file structure-v3.cif (mmCIF, C-alpha atoms and all ligand atoms; chains and numbers go by the auth columns)
data_work
#
loop_
_atom_site.group_PDB
_atom_site.id
_atom_site.type_symbol
_atom_site.label_atom_id
_atom_site.label_comp_id
_atom_site.label_asym_id
_atom_site.label_seq_id
_atom_site.Cartn_x
_atom_site.Cartn_y
_atom_site.Cartn_z
_atom_site.B_iso_or_equiv
_atom_site.auth_seq_id
_atom_site.auth_asym_id
ATOM 1 C CA MET A 1 -136.490 45.266 16.759 0.00 1186 A
ATOM 2 C CA ARG A 2 -138.492 48.374 15.899 0.00 1187 A
ATOM 3 C CA ILE A 3 -137.758 51.842 17.270 0.00 1188 A
ATOM 4 C CA THR A 4 -140.966 53.455 18.512 0.00 1189 A
ATOM 5 C CA GLY A 5 -139.587 56.684 19.989 0.00 1190 A
ATOM 6 C CA LYS A 6 -137.003 58.223 22.258 0.00 1191 A
ATOM 7 C CA THR A 7 -136.902 60.076 25.586 0.00 1192 A
ATOM 8 C CA LEU A 8 -134.480 62.895 26.347 0.00 1193 A
ATOM 9 C CA LEU A 9 -132.050 61.798 29.052 0.00 1194 A
ATOM 10 C CA PHE A 10 -129.241 64.405 29.056 0.00 1195 A
ATOM 11 C CA SER A 11 -129.962 67.685 27.279 0.00 1196 A
ATOM 12 C CA GLU A 12 -127.517 69.614 25.157 0.00 1197 A
ATOM 13 C CA GLU A 13 -127.238 72.223 27.903 0.00 1198 A
ATOM 14 C CA ALA A 14 -126.717 69.608 30.652 0.00 1199 A
ATOM 15 C CA ILE A 15 -123.965 67.992 28.587 0.00 1200 A
ATOM 16 C CA ARG A 16 -122.335 71.348 27.850 0.00 1201 A
ATOM 17 C CA ARG A 17 -122.263 72.263 31.544 0.00 1202 A
ATOM 18 C CA ARG A 18 -120.976 68.855 32.632 0.00 1203 A
ATOM 19 C CA VAL A 19 -118.243 68.853 29.995 0.00 1204 A
ATOM 20 C CA GLN A 20 -117.040 72.259 31.256 0.00 1205 A
ATOM 21 C CA GLU A 21 -116.933 70.883 34.815 0.00 1206 A
ATOM 22 C CA LEU A 22 -115.016 67.795 33.739 0.00 1207 A
ATOM 23 C CA ALA A 23 -112.522 69.952 31.853 0.00 1208 A
ATOM 24 C CA ALA A 24 -111.934 72.018 35.004 0.00 1209 A
ATOM 25 C CA GLU A 25 -111.302 68.820 36.994 0.00 1210 A
ATOM 26 C CA ILE A 26 -108.856 67.634 34.335 0.00 1211 A
ATOM 27 C CA ASP A 27 -107.073 71.004 34.239 0.00 1212 A
ATOM 28 C CA ALA A 28 -106.590 70.792 38.008 0.00 1213 A
ATOM 29 C CA VAL A 29 -105.042 67.314 37.846 0.00 1214 A
ATOM 30 C CA TYR A 30 -102.523 67.909 35.053 0.00 1215 A
ATOM 31 C CA GLY A 31 -101.573 71.591 35.423 0.00 1216 A
ATOM 32 C CA ASP A 32 -98.876 72.326 32.875 0.00 1217 A
ATOM 33 C CA GLU A 33 -97.751 68.707 32.518 0.00 1218 A
ATOM 34 C CA GLY A 34 -98.190 67.433 28.981 0.00 1219 A
ATOM 35 C CA LEU A 35 -101.085 65.119 28.220 0.00 1220 A
ATOM 36 C CA VAL A 36 -101.958 62.666 25.455 0.00 1221 A
ATOM 37 C CA VAL A 37 -105.739 62.472 25.048 0.00 1222 A
ATOM 38 C CA VAL A 38 -106.767 59.158 23.480 0.00 1223 A
ATOM 39 C CA GLY A 39 -110.277 59.061 22.036 0.00 1224 A
ATOM 40 C CA VAL A 40 -112.064 55.766 21.425 0.00 1225 A
ATOM 41 C CA LEU A 41 -113.632 55.771 17.955 0.00 1226 A
ATOM 42 C CA LYS A 42 -116.270 56.209 16.938 0.00 1227 A
ATOM 43 C CA GLY A 43 -118.535 56.986 19.869 0.00 1228 A
ATOM 44 C CA ALA A 44 -116.237 59.361 21.774 0.00 1229 A
ATOM 45 C CA CYS A 45 -115.703 61.775 18.871 0.00 1230 A
ATOM 46 C CA LEU A 46 -118.217 64.454 19.925 0.00 1231 A
ATOM 47 C CA PHE A 47 -117.399 64.265 23.637 0.00 1232 A
ATOM 48 C CA MET A 48 -113.678 64.435 22.923 0.00 1233 A
ATOM 49 C CA ALA A 49 -114.046 67.395 20.579 0.00 1234 A
ATOM 50 C CA ASP A 50 -115.982 69.394 23.184 0.00 1235 A
ATOM 51 C CA LEU A 51 -113.854 68.268 26.144 0.00 1236 A
ATOM 52 C CA VAL A 52 -110.463 69.189 24.674 0.00 1237 A
ATOM 53 C CA ARG A 53 -111.773 72.592 23.574 0.00 1238 A
ATOM 54 C CA ALA A 54 -112.796 73.271 27.183 0.00 1239 A
ATOM 55 C CA LEU A 55 -109.327 72.453 28.591 0.00 1240 A
ATOM 56 C CA HIS A 56 -106.957 75.250 29.563 0.00 1241 A
ATOM 57 C CA ILE A 57 -103.820 73.174 30.081 0.00 1242 A
ATOM 58 C CA PRO A 58 -101.203 74.152 27.520 0.00 1243 A
ATOM 59 C CA ARG A 59 -99.741 70.921 26.187 0.00 1244 A
ATOM 60 C CA VAL A 60 -102.370 68.542 24.798 0.00 1245 A
ATOM 61 C CA GLU A 61 -101.841 65.970 22.045 0.00 1246 A
ATOM 62 C CA LEU A 62 -104.683 63.993 20.470 0.00 1247 A
ATOM 63 C CA ASP A 63 -104.666 60.393 19.328 0.00 1248 A
ATOM 64 C CA PHE A 64 -107.292 57.725 18.679 0.00 1249 A
ATOM 65 C CA VAL A 65 -107.938 54.011 19.023 0.00 1250 A
ATOM 66 C CA ARG A 66 -110.668 51.859 17.595 0.00 1251 A
ATOM 67 C CA LEU A 67 -111.619 48.590 19.291 0.00 1252 A
ATOM 68 C CA SER A 68 -113.557 45.611 18.052 0.00 1253 A
ATOM 69 C CA SER A 69 -114.789 42.334 19.427 0.00 1254 A
ATOM 70 C CA TYR A 70 -112.918 39.430 17.886 0.00 1255 A
ATOM 71 C CA GLY A 71 -115.170 36.610 16.708 0.00 1256 A
ATOM 72 C CA ASN A 72 -115.087 33.490 14.541 0.00 1257 A
ATOM 73 C CA GLY A 73 -117.837 34.672 12.228 0.00 1258 A
ATOM 74 C CA LEU A 74 -120.600 32.750 13.932 0.00 1259 A
ATOM 75 C CA ARG A 75 -120.211 33.874 17.486 0.00 1260 A
ATOM 76 C CA SER A 76 -118.147 36.621 19.041 0.00 1261 A
ATOM 77 C CA SER A 77 -115.558 35.273 21.465 0.00 1262 A
ATOM 78 C CA GLY A 78 -115.907 38.535 23.363 0.00 1263 A
ATOM 79 C CA GLU A 79 -112.168 39.094 23.051 0.00 1264 A
ATOM 80 C CA ILE A 80 -111.383 42.766 22.420 0.00 1265 A
ATOM 81 C CA VAL A 81 -108.721 43.708 19.873 0.00 1266 A
ATOM 82 C CA PHE A 82 -107.436 46.957 18.380 0.00 1267 A
ATOM 83 C CA SER A 83 -108.646 47.680 14.889 0.00 1268 A
ATOM 84 C CA LYS A 84 -106.643 50.897 15.182 0.00 1269 A
ATOM 85 C CA ASP A 85 -103.943 51.584 17.776 0.00 1270 A
ATOM 86 C CA VAL A 86 -102.465 54.939 18.831 0.00 1271 A
ATOM 87 C CA GLU A 87 -99.654 56.395 16.767 0.00 1272 A
ATOM 88 C CA THR A 88 -97.972 58.065 19.755 0.00 1273 A
ATOM 89 C CA ALA A 89 -95.205 56.504 21.884 0.00 1274 A
ATOM 90 C CA LEU A 90 -96.767 56.568 25.343 0.00 1275 A
ATOM 91 C CA GLU A 91 -93.783 55.686 27.511 0.00 1276 A
ATOM 92 C CA GLY A 92 -93.372 58.308 30.207 0.00 1277 A
ATOM 93 C CA ARG A 93 -96.459 60.250 29.080 0.00 1278 A
ATOM 94 C CA HIS A 94 -99.636 61.154 30.923 0.00 1279 A
ATOM 95 C CA VAL A 95 -102.491 59.477 29.031 0.00 1280 A
ATOM 96 C CA LEU A 96 -106.176 60.375 29.336 0.00 1281 A
ATOM 97 C CA VAL A 97 -108.573 57.965 27.648 0.00 1282 A
ATOM 98 C CA VAL A 98 -111.803 59.636 26.547 0.00 1283 A
ATOM 99 C CA GLU A 99 -114.777 57.319 26.110 0.00 1284 A
ATOM 100 C CA ASP A 100 -118.451 57.984 25.485 0.00 1285 A
ATOM 101 C CA ILE A 101 -119.889 55.129 27.547 0.00 1286 A
ATOM 102 C CA VAL A 102 -118.760 52.247 29.761 0.00 1287 A
ATOM 103 C CA ASP A 103 -121.291 49.441 29.660 0.00 1288 A
ATOM 104 C CA SER A 104 -120.031 45.896 30.338 0.00 1289 A
ATOM 105 C CA GLY A 105 -116.598 47.408 31.003 0.00 1290 A
ATOM 106 C CA ARG A 106 -114.870 44.931 28.719 0.00 1291 A
ATOM 107 C CA SER A 107 -113.611 47.486 26.180 0.00 1292 A
ATOM 108 C CA MET A 108 -112.161 49.764 28.846 0.00 1293 A
ATOM 109 C CA ALA A 109 -110.621 46.951 30.889 0.00 1294 A
ATOM 110 C CA PHE A 110 -108.776 45.827 27.769 0.00 1295 A
ATOM 111 C CA LEU A 111 -107.719 49.307 26.694 0.00 1296 A
ATOM 112 C CA LEU A 112 -106.578 50.572 30.094 0.00 1297 A
ATOM 113 C CA ALA A 113 -104.506 47.426 30.672 0.00 1298 A
ATOM 114 C CA SER A 114 -102.946 47.680 27.224 0.00 1299 A
ATOM 115 C CA LEU A 115 -102.036 51.350 27.620 0.00 1300 A
ATOM 116 C CA ALA A 116 -100.662 50.845 31.122 0.00 1301 A
ATOM 117 C CA SER A 117 -98.357 48.070 29.848 0.00 1302 A
ATOM 118 C CA ARG A 118 -96.634 50.660 27.606 0.00 1303 A
ATOM 119 C CA LYS A 119 -95.035 52.295 30.646 0.00 1304 A
ATOM 120 C CA ALA A 120 -97.150 55.435 30.459 0.00 1305 A
ATOM 121 C CA ARG A 121 -96.490 57.807 33.357 0.00 1306 A
ATOM 122 C CA SER A 122 -100.188 57.677 34.167 0.00 1307 A
ATOM 123 C CA VAL A 123 -103.336 56.358 32.506 0.00 1308 A
ATOM 124 C CA ARG A 124 -106.669 57.885 33.498 0.00 1309 A
ATOM 125 C CA LEU A 125 -110.188 57.561 32.113 0.00 1310 A
ATOM 126 C CA ALA A 126 -112.757 60.256 31.347 0.00 1311 A
ATOM 127 C CA VAL A 127 -116.156 58.783 30.511 0.00 1312 A
ATOM 128 C CA LEU A 128 -119.267 60.742 29.684 0.00 1313 A
ATOM 129 C CA VAL A 129 -121.794 58.065 30.681 0.00 1314 A
ATOM 130 C CA ASP A 130 -121.086 55.359 33.220 0.00 1315 A
ATOM 131 C CA LYS A 131 -123.842 52.796 32.622 0.00 1316 A
ATOM 132 C CA ARG A 132 -123.670 50.276 35.430 0.00 1317 A
ATOM 133 C CA GLU A 133 -126.592 47.915 34.865 0.00 1318 A
ATOM 134 C CA ARG A 134 -124.692 45.395 32.696 0.00 1319 A
ATOM 135 C CA ARG A 135 -121.194 45.794 34.157 0.00 1320 A
ATOM 136 C CA GLU A 136 -119.173 42.567 33.885 0.00 1321 A
ATOM 137 C CA VAL A 137 -115.678 43.862 34.558 0.00 1322 A
ATOM 138 C CA ALA A 138 -114.882 46.425 37.237 0.00 1323 A
ATOM 139 C CA VAL A 139 -113.863 49.728 35.655 0.00 1324 A
ATOM 140 C CA THR A 140 -113.550 52.945 37.612 0.00 1325 A
ATOM 141 C CA ALA A 141 -113.361 56.223 35.739 0.00 1326 A
ATOM 142 C CA ASP A 142 -111.294 59.119 37.056 0.00 1327 A
ATOM 143 C CA PHE A 143 -113.666 61.681 35.518 0.00 1328 A
ATOM 144 C CA THR A 144 -117.351 60.760 35.066 0.00 1329 A
ATOM 145 C CA GLY A 145 -119.971 62.869 33.340 0.00 1330 A
ATOM 146 C CA PHE A 146 -123.188 61.049 34.212 0.00 1331 A
ATOM 147 C CA VAL A 147 -124.102 57.777 35.907 0.00 1332 A
ATOM 148 C CA THR A 148 -127.107 55.825 34.670 0.00 1333 A
ATOM 149 C CA ASP A 149 -128.504 52.351 35.028 0.00 1334 A
ATOM 150 C CA GLY A 150 -130.458 51.286 32.036 0.00 1335 A
ATOM 151 C CA GLY A 151 -131.755 52.071 28.622 0.00 1336 A
ATOM 152 C CA PHE A 152 -130.421 51.959 25.114 0.00 1337 A
ATOM 153 C CA LEU A 153 -128.753 55.326 24.762 0.00 1338 A
ATOM 154 C CA VAL A 154 -128.166 57.256 21.555 0.00 1339 A
ATOM 155 C CA GLY A 155 -126.956 60.688 20.564 0.00 1340 A
ATOM 156 C CA TYR A 156 -123.838 62.801 21.174 0.00 1341 A
ATOM 157 C CA GLY A 157 -121.713 60.082 19.563 0.00 1342 A
ATOM 158 C CA LEU A 158 -123.729 57.070 20.716 0.00 1343 A
ATOM 159 C CA ASP A 159 -125.385 55.093 17.956 0.00 1344 A
ATOM 160 C CA PHE A 160 -127.992 52.497 17.156 0.00 1345 A
ATOM 161 C CA ALA A 161 -126.978 50.782 13.899 0.00 1346 A
ATOM 162 C CA GLU A 162 -124.760 53.801 13.128 0.00 1347 A
ATOM 163 C CA GLN A 163 -127.697 56.219 13.395 0.00 1348 A
ATOM 164 C CA TYR A 164 -128.267 59.079 15.894 0.00 1349 A
ATOM 165 C CA ARG A 165 -124.574 59.852 16.592 0.00 1350 A
ATOM 166 C CA GLN A 166 -124.991 63.437 15.356 0.00 1351 A
ATOM 167 C CA LEU A 167 -127.705 64.407 17.852 0.00 1352 A
ATOM 168 C CA PRO A 168 -126.501 67.084 20.287 0.00 1353 A
ATOM 169 C CA ALA A 169 -128.281 65.491 23.279 0.00 1354 A
ATOM 170 C CA ILE A 170 -128.511 61.940 24.674 0.00 1355 A
ATOM 171 C CA TYR A 171 -131.762 59.980 24.466 0.00 1356 A
ATOM 172 C CA ALA A 172 -133.054 56.579 25.595 0.00 1357 A
ATOM 173 C CA LEU A 173 -134.576 54.681 22.684 0.00 1358 A
ATOM 174 C CA HIS A 174 -137.940 52.966 22.973 0.00 1359 A
ATOM 175 C CA CYS A 175 -137.815 49.605 21.199 0.00 1360 A
ATOM 176 C CA GLU A 176 -140.369 46.959 20.389 0.00 1361 A
ATOM 177 C CA GLU A 177 -139.517 43.333 19.517 0.00 1362 A
ATOM 178 C CA THR A 178 -140.652 42.439 15.987 0.00 1363 A
HETATM 179 C C1 LIG B . -119.395 51.149 22.392 0.00 1 B
HETATM 180 C C2 LIG B . -118.970 52.344 23.225 0.00 1 B
HETATM 181 C C3 LIG B . -117.809 51.817 24.025 0.00 1 B
HETATM 182 C C4 LIG B . -118.171 50.358 24.219 0.00 1 B
HETATM 183 C C5 LIG B . -118.722 50.158 25.592 0.00 1 B
HETATM 184 O O1 LIG B . -118.585 51.092 21.275 0.00 1 B
HETATM 185 O O2 LIG B . -118.597 53.448 22.408 0.00 1 B
HETATM 186 O O3 LIG B . -116.588 51.918 23.315 0.00 1 B
HETATM 187 O O4 LIG B . -119.182 50.032 23.235 0.00 1 B
HETATM 188 O O5 LIG B . -119.156 48.842 25.759 0.00 1 B
HETATM 189 P P1 LIG B . -118.531 47.840 26.829 0.00 1 B
HETATM 190 O O6 LIG B . -118.300 48.599 28.112 0.00 1 B
HETATM 191 O O7 LIG B . -119.638 46.812 26.955 0.00 1 B
HETATM 192 O O8 LIG B . -117.263 47.254 26.272 0.00 1 B
HETATM 193 P P2 LIG B . -118.949 50.262 19.979 0.00 1 B
HETATM 194 O O9 LIG B . -118.167 48.979 20.009 0.00 1 B
HETATM 195 O O10 LIG B . -120.419 50.164 19.826 0.00 1 B
HETATM 196 O O11 LIG B . -118.294 51.162 18.842 0.00 1 B
HETATM 197 P P3 LIG B . -118.597 52.685 18.475 0.00 1 B
HETATM 198 O O12 LIG B . -117.887 53.532 19.514 0.00 1 B
HETATM 199 O O13 LIG B . -118.007 52.825 17.115 0.00 1 B
HETATM 200 O O14 LIG B . -120.089 52.903 18.508 0.00 1 B
#
call {"tool": "encode", "arguments": {"input": "structure-v3.cif", "output": "structure tokens", "more": "lines below"}}
Ligand code: PRP
result
Amino acid sequence: MRITGKTLLFSEEAIRRRVQELAAEIDAVYGDEGLVVVGVLKGACLFMADLVRALHIPRVELDFVRLSSYGNGLRSSGEIVFSKDVETALEGRHVLVVEDIVDSGRSMAFLLASLASRKARSVRLAVLVDKRERREVAVTADFTGFVTDGGFLVGYGLDFAEQYRQLPAIYALHCEET
């Protein structure tokens, strides 16, 4: 596949404004109750960094997970596993998962179920981009930045072959089969 260009989808300014709005929604839900924000590496790193800095609630802890698709070397089984789990005991805690994009929904379905089984007081999801075109498993976010249908999205944490994550805006890549 060859990349032939990219189209701006969500500008830096649009993202900045939407992140501020999401932070206000999150502030209103949690008030002064403590919150563990769990970022999903690597894609959520930029969104998480901006979102937590826009929060005004006083007691916020940060932790991270990294997920991968388990496979037998030839073909992925599609089973999701942790390649890094949180280091925080979640029992009795409010947990907010922060994710850059929900696509098939498989990663989030796995993660939300796993976190809920740890007797967290609540588990909610903040997702920057809810991409619905290829959804396989129903996942509903509590806080959604943008909804979109298609396209291969890069920037603001989202990558193509580990490139483009550092871009401050989100773009749809133009690809050509080679
Ligand atoms: C991407 C993205 C989500 C997941 C969404 O992560 O950041 O975590 O895929 O896809 P799904 O809804 O189909 O499960 P990826 O595995 O590419 O890792 P990355 O965050 O390191 O880019």
call {"tool": "residues_near_ligand", "arguments": {"input": "structure-v3.cif", "ligand": "ligand LIG 1 (chain B)", "cutoff": "7 Å", "atoms": "all atoms listed in the file", "output": "VMD selection string"}}
result
chain A and resid 1225 to 1229 1252 to 1253 1284 to 1293 1343 to 1344
call {"tool": "closest_residue", "arguments": {"input": "structure-v3.cif", "among": "A:Asp1334, A:Asp1327, A:Glu1272, A:Glu1264", "to": "Val1250 (chain A)", "atoms": "all atoms listed in the file"}}
result
A:Glu1272
call {"tool": "atom_distance", "arguments": {"input": "structure-v3.cif", "atom1": "CA of Leu1194 (chain A)", "atom2": "CA of Asp1315 (chain A)"}}
result
13.4 Å
call {"tool": "resolve_selection", "arguments": {"input": "structure-v3.cif", "expression": "the PyMOL selection byres (((chain A and resi 1309-1314) around 8) and not hetatm)", "output": "short mmCIF file (atom, residue, chain, number, x, y, z; two decimals) with C-alpha atoms, in the frame of the given file"}}
result
data_model
loop_
_atom_site.label_atom_id
_atom_site.label_comp_id
_atom_site.auth_asym_id
_atom_site.auth_seq_id
_atom_site.Cartn_x
_atom_site.Cartn_y
_atom_site.Cartn_z
CA PHE A 1232 -117.40 64.26 23.64
CA VAL A 1280 -102.49 59.48 29.03
CA LEU A 1281 -106.18 60.38 29.34
CA VAL A 1282 -108.57 57.96 27.65
CA VAL A 1283 -111.80 59.64 26.55
CA GLU A 1284 -114.78 57.32 26.11
CA ASP A 1285 -118.45 57.98 25.48
CA ILE A 1286 -119.89 55.13 27.55
CA VAL A 1287 -118.76 52.25 29.76
CA SER A 1307 -100.19 57.68 34.17
CA VAL A 1308 -103.34 56.36 32.51
CA ASP A 1315 -121.09 55.36 33.22
CA LYS A 1316 -123.84 52.80 32.62
CA THR A 1325 -113.55 52.94 37.61
CA ALA A 1326 -113.36 56.22 35.74
CA ASP A 1327 -111.29 59.12 37.06
CA PHE A 1328 -113.67 61.68 35.52
CA THR A 1329 -117.35 60.76 35.07
CA GLY A 1330 -119.97 62.87 33.34
CA PHE A 1331 -123.19 61.05 34.21
CA VAL A 1332 -124.10 57.78 35.91
CA THR A 1333 -127.11 55.82 34.67
#
call {"tool": "residues_around", "arguments": {"input": "structure-v3.cif", "residues": "region 1354-1357 of chain A", "least_positions_apart": "4", "cutoff": "9 Å", "atoms": "all atoms listed in the file", "output": "tab-separated table (two decimals) with C-alpha atoms, keeping the file's coordinate frame"}}
result
chain	number	residue	atom	x	y	z
A	1190	GLY	CA	-139.59	56.68	19.99
A	1191	LYS	CA	-137.00	58.22	22.26
A	1192	THR	CA	-136.90	60.08	25.59
A	1193	LEU	CA	-134.48	62.90	26.35
A	1194	LEU	CA	-132.05	61.80	29.05
A	1195	PHE	CA	-129.24	64.40	29.06
A	1196	SER	CA	-129.96	67.68	27.28
A	1197	GLU	CA	-127.52	69.61	25.16
A	1198	GLU	CA	-127.24	72.22	27.90
A	1199	ALA	CA	-126.72	69.61	30.65
A	1200	ILE	CA	-123.96	67.99	28.59
A	1335	GLY	CA	-130.46	51.29	32.04
A	1336	GLY	CA	-131.76	52.07	28.62
A	1337	PHE	CA	-130.42	51.96	25.11
A	1338	LEU	CA	-128.75	55.33	24.76
A	1339	VAL	CA	-128.17	57.26	21.56
A	1340	GLY	CA	-126.96	60.69	20.56
A	1341	TYR	CA	-123.84	62.80	21.17
A	1342	GLY	CA	-121.71	60.08	19.56
A	1343	LEU	CA	-123.73	57.07	20.72
